[in-house]
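File shown here: final_24.cif, holding mmCIF, C-alpha atoms.
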data_target
#
loop_
_atom_site.label_atom_id
_atom_site.label_comp_id
_atom_site.auth_asym_id
_atom_site.auth_seq_id
_atom_site.Cartn_x
_atom_site.Cartn_y
_atom_site.Cartn_z
CA MET A 248 15.55 -15.85 15.83
CA SER A 249 18.04 -15.75 12.94
CA GLN A 250 16.89 -12.29 11.87
CA ARG A 251 17.15 -10.97 15.44
CA SER A 252 20.67 -12.42 15.73
CA ASP A 253 21.70 -10.78 12.44
CA LEU A 254 20.34 -7.45 13.62
CA ARG A 255 22.17 -7.77 16.93
CA GLN A 256 25.46 -8.48 15.15
CA ARG A 257 24.93 -5.56 12.81
CA ARG A 258 24.16 -3.26 15.73
CA ALA A 259 27.30 -4.37 17.61
CA ALA A 260 29.45 -3.78 14.52
CA LEU A 261 28.00 -0.31 14.05
CA GLU A 262 28.55 0.57 17.70
CA GLY A 263 32.23 -0.25 17.28
CA GLU A 264 32.39 1.76 14.06
CA TRP A 265 30.65 4.68 15.75
CA SER A 266 33.09 4.70 18.66
CA ARG A 267 36.14 4.67 16.38
CA THR A 268 34.89 6.99 13.67
CA VAL A 269 33.22 9.71 15.73
CA SER A 270 36.35 10.07 17.84
CA LEU A 271 38.51 10.29 14.71
CA VAL A 272 36.23 12.81 13.00
CA LYS A 273 36.31 15.01 16.08
CA SER A 274 40.09 15.06 16.06
CA THR A 275 40.77 15.24 12.30
CA GLY A 276 37.60 16.72 10.82
CA SER A 277 37.22 13.93 8.23
CA ALA A 278 35.90 10.38 8.10
CA PRO A 279 38.30 7.48 7.55
CA SER A 280 38.03 5.48 4.34
CA GLY A 281 37.83 1.73 3.87
CA HIS A 282 35.29 0.91 6.57
CA GLU A 283 32.93 -1.58 4.98
CA GLY A 284 30.36 -1.48 7.78
CA LEU A 285 29.67 2.26 7.42
CA ARG A 286 27.77 3.75 4.50
CA HIS A 287 29.38 6.76 2.81
CA GLU A 288 26.26 8.90 3.17
CA VAL A 289 26.24 8.18 6.92
CA ALA A 290 29.94 8.94 7.38
CA ASP A 291 29.61 12.17 5.37
CA SER A 292 26.63 13.20 7.48
CA TRP A 293 28.60 12.58 10.67
CA VAL A 294 31.36 14.87 9.40
CA ARG A 295 28.86 17.63 8.58
CA SER A 296 26.92 17.22 11.83
CA LEU A 297 29.71 17.13 14.40
CA GLY A 298 30.32 20.84 14.06
CA SER A 299 26.90 21.62 15.54
CA VAL A 300 25.70 18.47 17.32
CA ASP A 301 27.01 16.84 20.49
CA PRO A 302 26.67 13.04 20.09
CA ALA A 303 25.99 12.84 23.82
CA ARG A 304 22.90 15.04 23.74
CA ASP A 305 19.81 13.28 25.09
CA SER A 306 16.99 14.77 22.99
CA ALA A 307 16.15 17.03 20.06
CA PRO A 308 16.00 20.80 20.60
CA ALA A 309 12.48 22.21 20.67
CA ALA A 310 10.78 24.90 18.64
CA ASP A 311 8.04 27.04 20.19
CA ASP A 312 4.89 24.90 20.70
CA GLY A 313 2.49 27.69 19.80
CA THR A 314 4.36 28.43 16.60
CA VAL A 315 4.31 24.73 15.63
CA ARG A 316 0.56 24.43 16.21
CA ASN A 317 -0.13 27.49 14.08
CA ARG A 318 2.19 26.32 11.34
CA TRP A 319 0.55 22.88 11.24
CA THR A 320 -2.91 24.44 11.04
CA ASP A 321 -1.81 26.40 7.96
CA SER A 322 0.37 23.65 6.45
CA LEU A 323 -0.37 22.26 3.00
CA LEU A 324 0.33 18.81 4.47
CA ARG A 325 -2.30 18.93 7.19
CA ARG A 326 -5.34 18.04 5.06
CA PRO A 327 -3.85 15.03 3.20
CA VAL A 328 -2.28 13.77 6.46
CA ASP A 329 -5.64 14.12 8.24
CA ALA A 330 -7.26 12.19 5.39
CA LEU A 331 -4.76 9.35 5.94
CA SER A 332 -4.71 9.59 9.73
CA ASP A 333 -6.63 6.35 10.29
CA GLU A 334 -4.24 4.50 8.03
CA LEU A 335 -1.17 6.03 9.67
CA ARG A 336 -2.50 5.21 13.13
CA SER A 337 -3.23 1.65 12.05
CA VAL A 338 0.34 1.18 10.80
CA ALA A 339 1.71 2.70 14.00
CA ASP A 340 -0.50 0.61 16.28
CA ASP A 341 -0.22 -2.71 14.42
CA ALA A 342 3.54 -2.64 13.81
CA GLY A 343 4.74 -0.71 16.86
CA PHE A 344 5.95 2.41 15.05
CA VAL A 345 5.91 6.11 15.75
CA ALA A 346 4.67 7.93 12.66
CA ALA A 347 5.82 11.53 12.25
CA VAL A 348 5.48 14.31 9.68
CA THR A 349 7.90 17.23 9.53
CA ASP A 350 7.89 20.52 7.69
CA GLU A 351 10.55 21.49 5.16
CA SER A 352 12.93 22.52 7.94
CA GLY A 353 12.84 19.13 9.70
CA THR A 354 10.66 20.30 12.60
CA ILE A 355 8.09 17.65 13.57
CA MET A 356 4.54 18.89 13.05
CA TRP A 357 2.47 15.76 13.74
CA THR A 358 2.94 12.33 15.31
CA CYS A 359 0.94 9.27 16.27
CA ALA A 360 1.88 6.07 18.13
CA GLY A 361 0.74 3.59 20.74
CA GLN A 362 1.32 4.53 24.37
CA ASP A 363 4.58 2.61 24.81
CA MET A 364 6.23 3.96 21.66
CA LEU A 365 4.86 7.43 22.36
CA ARG A 366 6.62 7.48 25.73
CA ARG A 367 9.88 6.30 24.15
CA ALA A 368 9.61 8.97 21.47
CA GLU A 369 8.90 11.77 23.92
CA ARG A 370 12.11 10.96 25.85
CA VAL A 371 14.15 12.08 22.83
CA ASN A 372 11.62 14.78 21.81
CA PHE A 373 10.53 12.86 18.73
CA ALA A 374 7.33 14.86 19.06
CA PRO A 375 5.69 17.99 17.63
CA GLY A 376 8.13 20.84 17.96
CA GLY A 377 11.26 18.67 17.94
CA ARG A 378 13.88 19.86 15.45
CA TRP A 379 15.38 16.91 13.56
CA ASN A 380 17.39 18.45 10.74
CA GLU A 381 21.07 17.65 10.43
CA GLN A 382 22.22 20.84 12.14
CA ALA A 383 20.03 20.17 15.17
CA MET A 384 20.09 16.38 15.59
CA GLY A 385 22.76 15.02 13.31
CA THR A 386 22.36 11.91 11.21
CA ASN A 387 18.87 10.40 11.13
CA ALA A 388 16.42 9.28 8.47
CA LEU A 389 14.52 12.58 8.56
CA SER A 390 17.62 14.68 8.04
CA LEU A 391 18.99 12.45 5.26
CA ALA A 392 15.65 12.42 3.41
CA LEU A 393 15.49 16.22 3.59
CA ARG A 394 19.06 16.63 2.39
CA THR A 395 19.04 14.05 -0.43
CA GLY A 396 15.41 14.20 -1.52
CA ARG A 397 15.35 10.40 -1.41
CA PRO A 398 13.90 7.83 1.02
CA SER A 399 16.42 6.97 3.75
CA THR A 400 16.91 4.38 6.47
CA VAL A 401 19.12 4.87 9.53
CA PHE A 402 19.71 1.88 11.79
CA SER A 403 20.91 1.95 15.40
CA ALA A 404 24.44 3.36 15.72
CA GLU A 405 24.26 4.93 12.25
CA HIS A 406 22.55 7.72 14.20
CA LEU A 407 25.12 10.27 15.29
CA VAL A 408 23.40 10.87 18.65
CA ALA A 409 24.00 7.95 21.00
CA ALA A 410 20.54 8.30 22.58
CA LEU A 411 19.10 7.10 19.24
CA HIS A 412 21.14 3.91 18.95
CA GLY A 413 18.17 1.89 20.15
CA TRP A 414 16.10 3.04 17.16
CA VAL A 415 15.66 2.33 13.47
CA CYS A 416 14.06 5.04 11.34
CA TYR A 417 12.59 5.09 7.82
CA GLY A 418 11.96 8.47 6.18
CA ALA A 419 10.55 9.50 2.80
CA PRO A 420 10.39 13.07 1.50
CA ILE A 421 6.98 14.52 0.64
CA HIS A 422 7.03 16.53 -2.57
CA GLY A 423 4.47 19.16 -3.47
CA PRO A 424 2.85 19.30 -6.92
CA ASP A 425 5.60 21.73 -7.99
CA GLY A 426 8.35 19.31 -6.92
CA ARG A 427 9.40 21.16 -3.76
CA ILE A 428 10.09 19.10 -0.63
CA LEU A 429 7.39 20.11 1.85
CA GLY A 430 8.49 17.76 4.61
CA VAL A 431 9.23 14.15 5.49
CA LEU A 432 7.11 11.21 6.60
CA ASP A 433 8.98 9.02 9.07
CA LEU A 434 8.26 5.66 10.67
CA SER A 435 10.50 4.84 13.63
CA THR A 436 10.68 1.89 16.00
CA THR A 437 13.15 -0.03 18.13
CA TRP A 438 16.20 -1.49 16.36
CA ASP A 439 15.09 -5.10 16.88
CA ARG A 440 11.95 -4.52 14.78
CA SER A 441 13.94 -3.48 11.74
CA HIS A 442 12.38 -4.91 8.57
CA PRO A 443 13.03 -4.15 4.88
CA LEU A 444 9.29 -3.92 4.13
CA ALA A 445 9.02 -0.86 6.38
CA MET A 446 10.69 1.22 3.69
CA SER A 447 8.10 0.25 1.07
CA THR A 448 5.39 1.13 3.59
CA VAL A 449 6.72 4.61 4.30
CA ARG A 450 7.27 5.27 0.60
CA GLY A 451 3.72 4.18 -0.17
CA LEU A 452 2.26 6.41 2.53
CA ALA A 453 4.35 9.38 1.40
CA SER A 454 3.12 8.82 -2.16
CA ALA A 455 -0.45 8.78 -0.87
CA ILE A 456 0.09 12.13 0.85
CA GLU A 457 1.55 13.52 -2.38
CA ALA A 458 -1.50 12.24 -4.27
CA GLY A 459 -3.69 13.99 -1.69
CA LEU A 460 -1.82 17.23 -2.33
CA ARG A 461 -2.40 16.89 -6.07
CA ALA A 462 -6.06 15.95 -5.72
CA GLY A 463 -6.94 18.49 -3.06
CA LEU A 464 -7.96 15.96 -0.40
CA PRO A 465 -9.92 15.38 1.76
CA ALA A 466 -12.86 16.65 -0.29
CA GLY A 467 -12.62 13.50 -2.42
CA PRO A 468 -11.28 12.78 -5.89
CA ARG A 469 -11.70 15.67 -8.32
CA ASP A 470 -13.33 15.23 -11.70
CA ASP A 471 -9.99 15.89 -13.43
CA VAL A 472 -8.25 13.02 -11.58
CA PRO A 473 -8.28 9.97 -13.90
CA GLN A 474 -10.38 7.13 -12.55
CA VAL A 475 -9.02 3.63 -12.13
CA ARG A 476 -10.58 1.02 -14.41
CA LEU A 477 -10.34 -2.61 -13.35
CA THR A 478 -10.84 -5.34 -15.94
CA CYS A 479 -11.13 -8.78 -14.38
CA MET A 480 -13.66 -10.75 -16.47
CA GLY A 481 -11.48 -13.02 -18.58
CA GLU A 482 -8.61 -10.53 -18.23
CA GLU A 483 -6.43 -9.21 -15.43
CA LYS A 484 -5.44 -5.54 -15.59
CA ALA A 485 -6.02 -2.14 -14.07
CA THR A 486 -5.51 1.22 -15.75
CA ARG A 487 -5.63 4.87 -14.76
CA GLY A 488 -6.30 7.38 -17.50
CA GLY A 489 -5.51 4.67 -20.04
CA ALA A 490 -2.10 3.91 -18.53
CA LEU A 491 -1.51 0.40 -17.19
CA LEU A 492 -0.93 0.17 -13.44
CA ALA A 493 1.96 -2.08 -12.40
CA LEU A 494 0.08 -4.45 -10.09
CA ARG A 495 1.05 -7.99 -9.19
CA PRO A 496 -1.63 -10.74 -9.35
CA ARG A 497 -2.18 -10.60 -5.58
CA GLN A 498 -2.80 -6.86 -5.71
CA LEU A 499 -5.29 -7.31 -8.55
CA GLU A 500 -7.09 -9.86 -6.37
CA ILE A 501 -7.27 -7.38 -3.50
CA LEU A 502 -8.53 -4.60 -5.76
CA THR A 503 -11.16 -6.92 -7.27
CA LEU A 504 -12.45 -8.00 -3.87
CA LEU A 505 -12.63 -4.40 -2.63
CA ALA A 506 -14.49 -3.36 -5.79
CA LEU A 507 -17.01 -6.20 -5.45
CA GLU A 508 -17.60 -5.59 -1.74
CA PRO A 509 -17.81 -1.81 -1.18
CA ASP A 510 -18.57 -2.25 2.53
CA GLY A 511 -15.01 -3.52 2.91
CA PHE A 512 -13.23 -6.25 4.84
CA SER A 513 -11.81 -6.70 8.27
CA SER A 514 -8.10 -7.55 8.17
CA GLU A 515 -8.78 -11.17 9.15
CA ARG A 516 -11.52 -11.69 6.58
CA LEU A 517 -9.48 -10.18 3.74
CA ARG A 518 -6.51 -12.39 4.60
CA ASP A 519 -8.79 -15.45 4.56
CA ALA A 520 -10.24 -14.38 1.20
CA LEU A 521 -6.75 -14.10 -0.27
CA TYR A 522 -4.82 -16.94 1.35
CA GLY A 523 -7.32 -19.34 2.91
CA ASP A 524 -5.49 -21.77 5.20
CA ARG A 525 -2.04 -21.01 3.77
CA PRO A 526 0.37 -19.58 6.38
CA VAL A 527 1.19 -15.98 5.48
CA THR A 528 2.89 -13.43 7.72
CA ALA A 529 1.17 -10.18 8.61
CA SER A 530 4.05 -8.24 7.07
CA THR A 531 3.59 -9.98 3.70
CA PHE A 532 -0.13 -9.26 3.72
CA LYS A 533 0.39 -5.60 4.68
CA ALA A 534 3.09 -5.17 2.05
CA GLU A 535 0.61 -6.17 -0.67
CA ILE A 536 -1.93 -3.67 0.69
CA SER A 537 0.74 -0.96 0.87
CA HIS A 538 1.87 -1.55 -2.72
CA LEU A 539 -1.71 -1.37 -3.97
CA ARG A 540 -2.40 1.74 -1.89
CA ARG A 541 0.71 3.40 -3.33
CA ALA A 542 -0.28 2.49 -6.89
CA LEU A 543 -3.74 3.97 -6.33
CA GLY A 544 -2.33 7.10 -4.69
CA GLY A 545 -4.13 6.21 -1.46
CA GLY A 546 -7.73 5.18 -1.97
CA ILE A 547 -7.88 2.36 0.62
CA ALA A 548 -9.11 2.82 4.18
CA ALA A 549 -7.00 1.25 6.91
CA ARG A 550 -8.84 -0.17 9.91
CA ARG A 551 -11.51 -1.73 7.71
CA TYR A 552 -10.10 -2.24 4.25
CA ALA A 553 -12.39 -0.54 1.74
CA LEU A 554 -12.01 1.66 -1.32
CA THR A 555 -12.17 5.38 -0.60
CA ALA A 556 -11.65 6.46 -4.22
CA PRO A 557 -13.77 5.49 -7.25
CA VAL A 558 -12.75 2.35 -9.12
CA SER A 559 -14.86 1.18 -12.04
CA CYS A 560 -14.92 -2.59 -12.53
CA ASP A 561 -16.36 -4.78 -15.27
CA ALA A 562 -17.45 -7.45 -12.77
CA VAL A 563 -19.42 -4.86 -10.80
CA ASP A 564 -20.94 -3.62 -14.06
CA VAL A 565 -22.05 -7.19 -14.87
CA LEU A 566 -23.80 -7.48 -11.50
CA ARG A 567 -25.52 -4.12 -11.88
CA ALA A 568 -26.73 -5.05 -15.37
CA LEU A 569 -28.19 -8.31 -14.03
CA GLU A 570 -29.88 -6.47 -11.16
CA ARG A 571 -31.78 -4.26 -13.61
CA GLY A 572 -32.59 -7.21 -15.93
CA ASP A 573 -30.23 -6.09 -18.70
CA THR A 574 -28.92 -9.49 -19.80
CA ASP A 575 -27.64 -8.08 -23.08
CA THR A 576 -25.21 -5.69 -21.32
CA ALA A 577 -24.20 -8.37 -18.80
CA LEU A 578 -23.25 -10.76 -21.61
CA ARG A 579 -21.37 -8.07 -23.47
CA LEU A 580 -19.24 -7.41 -20.38
CA TYR A 581 -18.89 -11.05 -19.34
CA ARG A 582 -15.81 -11.91 -21.38
CA GLY A 583 -14.78 -14.88 -19.28
CA PRO A 584 -14.35 -16.08 -15.68
CA LEU A 585 -13.33 -13.66 -12.94
CA LEU A 586 -9.49 -13.45 -12.75
CA PRO A 587 -9.21 -16.87 -14.40
CA ARG A 588 -5.74 -17.68 -13.03
CA SER A 589 -6.51 -16.80 -9.41
CA GLU A 590 -6.78 -19.49 -6.74
CA ALA A 591 -7.66 -17.08 -3.92
CA PRO A 592 -10.69 -18.46 -2.04
CA GLY A 593 -12.53 -15.14 -2.14
CA ILE A 594 -12.02 -14.79 -5.89
CA GLU A 595 -13.08 -18.39 -6.52
CA GLU A 596 -16.28 -17.73 -4.57
CA TRP A 597 -17.07 -14.59 -6.53
CA ARG A 598 -16.14 -16.32 -9.79
CA THR A 599 -18.77 -18.98 -9.12
CA ARG A 600 -21.38 -16.43 -8.07
CA LEU A 601 -20.90 -14.42 -11.25
CA GLU A 602 -20.92 -17.47 -13.49
CA VAL A 603 -24.10 -18.82 -11.91
CA ALA A 604 -25.82 -15.43 -12.05
CA VAL A 605 -25.05 -14.90 -15.74
CA ARG A 606 -25.97 -18.48 -16.64
CA GLU A 607 -29.31 -18.28 -14.83
CA ALA A 608 -30.10 -14.99 -16.58
CA VAL A 609 -29.39 -16.65 -19.94
CA LEU A 610 -31.60 -19.65 -19.16
CA ALA A 611 -34.39 -17.29 -18.06
CA SER A 612 -34.12 -15.21 -21.21
CA ALA A 613 -36.38 -15.69 -24.22
CA SER A 614 -33.62 -14.48 -26.54
CA ALA A 615 -31.86 -17.11 -28.63
CA GLU A 616 -29.05 -14.59 -29.14
CA HIS A 617 -28.33 -14.61 -25.40
CA ALA A 618 -28.06 -18.40 -25.31
CA LEU A 619 -25.83 -18.47 -28.38
CA ARG A 620 -23.50 -15.76 -27.07
CA TYR A 621 -23.14 -17.42 -23.69
CA GLY A 622 -22.72 -20.80 -25.39
CA GLU A 623 -19.52 -19.56 -27.04
CA ARG A 624 -17.92 -19.39 -23.60
CA ALA A 625 -19.55 -22.56 -22.25
CA PRO A 626 -18.90 -25.21 -24.92
CA TYR A 627 -19.68 -28.13 -22.57
CA ASP A 628 -22.87 -26.73 -21.04
CA ALA A 629 -25.48 -28.97 -22.71
CA GLU A 630 -28.40 -27.26 -20.93
CA VAL A 631 -27.53 -23.89 -22.43
CA HIS A 632 -27.25 -25.36 -25.96
CA GLU A 633 -30.57 -27.18 -25.54
CA HIS A 634 -32.12 -23.89 -24.42
CA ALA A 635 -30.77 -22.20 -27.54
CA LEU A 636 -32.29 -24.90 -29.77
CA ARG A 637 -35.70 -24.45 -28.15
CA LEU A 638 -35.58 -20.74 -28.98
CA ILE A 639 -34.25 -21.01 -32.54
CA GLY A 640 -36.82 -21.62 -35.28
CA PRO A 641 -36.48 -24.62 -37.61
CA GLY A 642 -35.50 -22.48 -40.59
CA ASP A 643 -32.88 -20.47 -38.71
CA ALA A 644 -29.33 -21.15 -39.90
CA ARG A 645 -28.06 -20.64 -36.34
CA ARG A 646 -29.57 -24.02 -35.37
CA ALA A 647 -26.51 -25.69 -36.90
CA ILE A 648 -24.26 -23.82 -34.45
CA ALA A 649 -26.34 -24.88 -31.46
CA VAL A 650 -26.60 -28.49 -32.67
CA GLY A 651 -22.85 -28.70 -33.17
CA ARG A 652 -22.17 -27.33 -29.68
CA LEU A 653 -24.71 -29.68 -28.10
CA THR A 654 -23.18 -32.67 -29.86
CA THR A 655 -19.75 -31.75 -28.55
CA ALA A 656 -21.07 -31.24 -25.03
CA LEU A 657 -22.79 -34.65 -25.00
CA ARG A 658 -19.76 -36.65 -26.15
#
Spell out the structure here as structure tokens.
Amino acid sequence: MSQRSDLRQRRAALEGEWSRTVSLVKSTGSAPSGHEGLRHEVADSWVRSLGSVDPARDSAPAADDGTVRNRWTDSLLRRPVDALSDELRSVADDAGFVAAVTDESGTIMWTCAGQDMLRRAERVNFAPGGRWNEQAMGTNALSLALRTGRPSTVFSAEHLVAALHGWVCYGAPIHGPDGRILGVLDLSTTWDRSHPLAMSTVRGLASAIEAGLRAGLPAGPRDDVPQVRLTCMGEEKATRGGALLALRPRQLEILTLLALEPDGFSSERLRDALYGDRPVTASTFKAEISHLRRALGGGIAARRYALTAPVSCDAVDVLRALERGDTDTALRLYRGPLLPRSEAPGIEEWRTRLEVAVREAVLASASAEHALRYGERAPYDAEVHEHALRLIGPGDARRAIAVGRLTTALR
């Protein structure tokens, strides 16, 4: 309730600012200074826009539908957007957004939304063919992102056109591999659903589209695209092409679970695996997914969370080695417990499964070396040390190591 009240107060303040400033700009041709509630980039955009845009207009001007369809068919953006369409639709449906992609001129090429938001969007021609650049529709997140080359947010009466004062919009430019702006990805919804995490979501999705452009999606990752390597046995890190990925512990947990379970997770099951009974908002959960997706350049399906790009993982390699009876390789890769600092229920379950599997393979092995190597990481496991002693001959100097470990374990 507090957040909604804050948003309402902000909207009311902006409405007052809009009424005063737009009238003044029309009469003087410049924006007044010293108005704390109005951002400079918004005021400057109003000044530029008022020469061509009537703030009382009710919808965006339209381009020719046939031309738009043909241009989208040939657009460089179409294939990476199609590859992410399930994810974009999931964001739109779950959070009540309209997702839109424009070309470099600010003309909308593609949209998706639930029925209610789709109807709202169509009333202002926030639909394929609608022209949303500054010259056509004034100040909005799409036009600011195109002009500045940076992600932009426009809330309520920051829009120049009064018909958009019930909206909040988040736009991020989409850059081609050569650095050119090819268009904008926008997420828009009603003003009362404004949330700071929406900007990180739209930036992550735009980055995923850019990664798709670089990788030539949707044919799948190319051989020259560096693969992600996840190290989670005794360590906690992920790298791409040798460079460390900036992932928080929660995102490493998500990546580990997705790597270990390639069939993926429903949203509810993944939340349970991460948080258990702890109360966590849907927006917090989705923000972690979005950050990980952005770091991977996409690579995570939406409706059922699963990896769609290759990720190599030492824990998976341990399991595969055990499946083919290669205990030596499994022990070489088993450098410690799975994500040792994690308390996520799903990680704790997999940690136990891996530990039990490796231990049982050691106890079933006739190699004293296996028991000794595992014993280094299990100093209090008397059964493993006893197994080592049974396999080591009486004249073998390694017996002293096993005896010392067993003595410690039995104290």
| task | Do a neighbour search on Ala618 (chain A) at 9 Å with only C-alpha atoms, toss out local chain neighbours closer than 6 positions, and write the hits as a count of residues only. | result | 10
Result set, the PyMOL selection byres ((chain A and resi 442-446) around 8) on current file, as a list in words: Pro398, Thr400, Tyr417, Gly418, Leu434, Arg440, Ser441, Ser447, Thr448, Val449, Arg450, Ser530 and Ala534 of chain A
- Message: Just want the 12 Å neighbourhood of region 419-427 of chain A, counted on all atoms listed in the file, with same-chain residues fewer than 3 positions away dropped. Output as number ranges by chain.
- Response: A: 322-324, 327-328, 346-353, 387-401, 416, 430-435, 445-463
So that I have them on file, write out the residues from the current selection with C-alpha atoms, as a CSV table (one decimal), in the frame of the given file.
chain,number,residue,atom,x,y,z
A,322,SER,CA,0.4,23.6,6.4
A,323,LEU,CA,-0.4,22.3,3.0
A,324,LEU,CA,0.3,18.8,4.5
A,327,PRO,CA,-3.8,15.0,3.2
A,328,VAL,CA,-2.3,13.8,6.5
A,346,ALA,CA,4.7,7.9,12.7
A,347,ALA,CA,5.8,11.5,12.2
A,348,VAL,CA,5.5,14.3,9.7
A,349,THR,CA,7.9,17.2,9.5
A,350,ASP,CA,7.9,20.5,7.7
A,351,GLU,CA,10.6,21.5,5.2
A,352,SER,CA,12.9,22.5,7.9
A,353,GLY,CA,12.8,19.1,9.7
A,387,ASN,CA,18.9,10.4,11.1
A,388,ALA,CA,16.4,9.3,8.5
A,389,LEU,CA,14.5,12.6,8.6
A,390,SER,CA,17.6,14.7,8.0
A,391,LEU,CA,19.0,12.4,5.3
A,392,ALA,CA,15.6,12.4,3.4
A,393,LEU,CA,15.5,16.2,3.6
A,394,ARG,CA,19.1,16.6,2.4
A,395,THR,CA,19.0,14.0,-0.4
A,396,GLY,CA,15.4,14.2,-1.5
A,397,ARG,CA,15.4,10.4,-1.4
A,398,PRO,CA,13.9,7.8,1.0
A,399,SER,CA,16.4,7.0,3.8
A,400,THR,CA,16.9,4.4,6.5
A,401,VAL,CA,19.1,4.9,9.5
A,416,CYS,CA,14.1,5.0,11.3
A,430,GLY,CA,8.5,17.8,4.6
A,431,VAL,CA,9.2,14.2,5.5
A,432,LEU,CA,7.1,11.2,6.6
A,433,ASP,CA,9.0,9.0,9.1
A,434,LEU,CA,8.3,5.7,10.7
A,435,SER,CA,10.5,4.8,13.6
A,445,ALA,CA,9.0,-0.9,6.4
A,446,MET,CA,10.7,1.2,3.7
A,447,SER,CA,8.1,0.2,1.1
A,448,THR,CA,5.4,1.1,3.6
A,449,VAL,CA,6.7,4.6,4.3
A,450,ARG,CA,7.3,5.3,0.6
A,451,GLY,CA,3.7,4.2,-0.2
A,452,LEU,CA,2.3,6.4,2.5
A,453,ALA,CA,4.4,9.4,1.4
A,454,SER,CA,3.1,8.8,-2.2
A,455,ALA,CA,-0.4,8.8,-0.9
A,456,ILE,CA,0.1,12.1,0.8
A,457,GLU,CA,1.6,13.5,-2.4
A,458,ALA,CA,-1.5,12.2,-4.3
A,459,GLY,CA,-3.7,14.0,-1.7
A,460,LEU,CA,-1.8,17.2,-2.3
A,461,ARG,CA,-2.4,16.9,-6.1
A,462,ALA,CA,-6.1,16.0,-5.7
A,463,GLY,CA,-6.9,18.5,-3.1
*Give me, please, the distance in Å between CA of Gly377 (chain A) and CA of Leu365 (chain A), quoted to one decimal.*
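Atom-to-atom, CA of Gly377 (chain A) to CA of Leu365 (chain A), that is 13.7 Å.
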Nearest to Asp439 (chain A) by atom-to-atom distance, counting all atoms listed in the file, from A:Leu411, A:Ala309, A:Ser403, A:Ala613:
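Closest to Asp439 (chain A), using all atoms listed in the file: A:Ser403.
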Can you list what the PyMOL selection byres ((chain A and resi 407) around 12) grabs from this structure, as a VMD selection string? chain A and resid 261 to 262 264 to 266 268 to 270 272 289 to 305 379 381 to 388 390 to 391 401 to 406 408 to 414
Mind listing whatever residues come within 7 Å of the point (-8.7, -17.7, -2.8)? Use all atoms listed in the file, file coordinates, and give them as number ranges by chain. A: 520-523, 590-595
| task | Work out how far CA of Gly640 (chain A) is from CA of Arg652 (chain A), in Å to one decimal. | result |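 CA of Arg652 (chain A) sits 16.7 Å away from CA of Gly640 (chain A).
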Atom pair CA of Leu429 (chain A) + CA of Val345 (chain A), distance 19.8 Å
query: For Arg579 (chain A), which residue among A:Val315, A:Ala485, A:Leu539, A:Val605 is the nearest when counting all atoms listed in the file?
result: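 Distance minimum relative to Arg579 (chain A) lands on A:Val605.
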Min atom-atom distance to Leu505 (chain A) from the set A:Ala625, A:Leu517, A:Leu492, A:Val371, counting all atoms listed in the file, belongs to A:Leu517
- Task: For the structure provided, state which residues fall under the PyMOL selection byres ((chain A and resi 334-337) around 8), and present them as a ChimeraX atom specification.
- Result: /A:331-333,338-341,346,359-360,452,548-550
Export C-alpha atoms of the chosen residues as a CSV table (one decimal), in the frame of the given file?
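again16.csv, freshly written:
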chain,number,residue,atom,x,y,z
A,331,LEU,CA,-4.8,9.4,5.9
A,332,SER,CA,-4.7,9.6,9.7
A,333,ASP,CA,-6.6,6.4,10.3
A,338,VAL,CA,0.3,1.2,10.8
A,339,ALA,CA,1.7,2.7,14.0
A,340,ASP,CA,-0.5,0.6,16.3
A,341,ASP,CA,-0.2,-2.7,14.4
A,346,ALA,CA,4.7,7.9,12.7
A,359,CYS,CA,0.9,9.3,16.3
A,360,ALA,CA,1.9,6.1,18.1
A,452,LEU,CA,2.3,6.4,2.5
A,548,ALA,CA,-9.1,2.8,4.2
A,549,ALA,CA,-7.0,1.2,6.9
A,550,ARG,CA,-8.8,-0.2,9.9
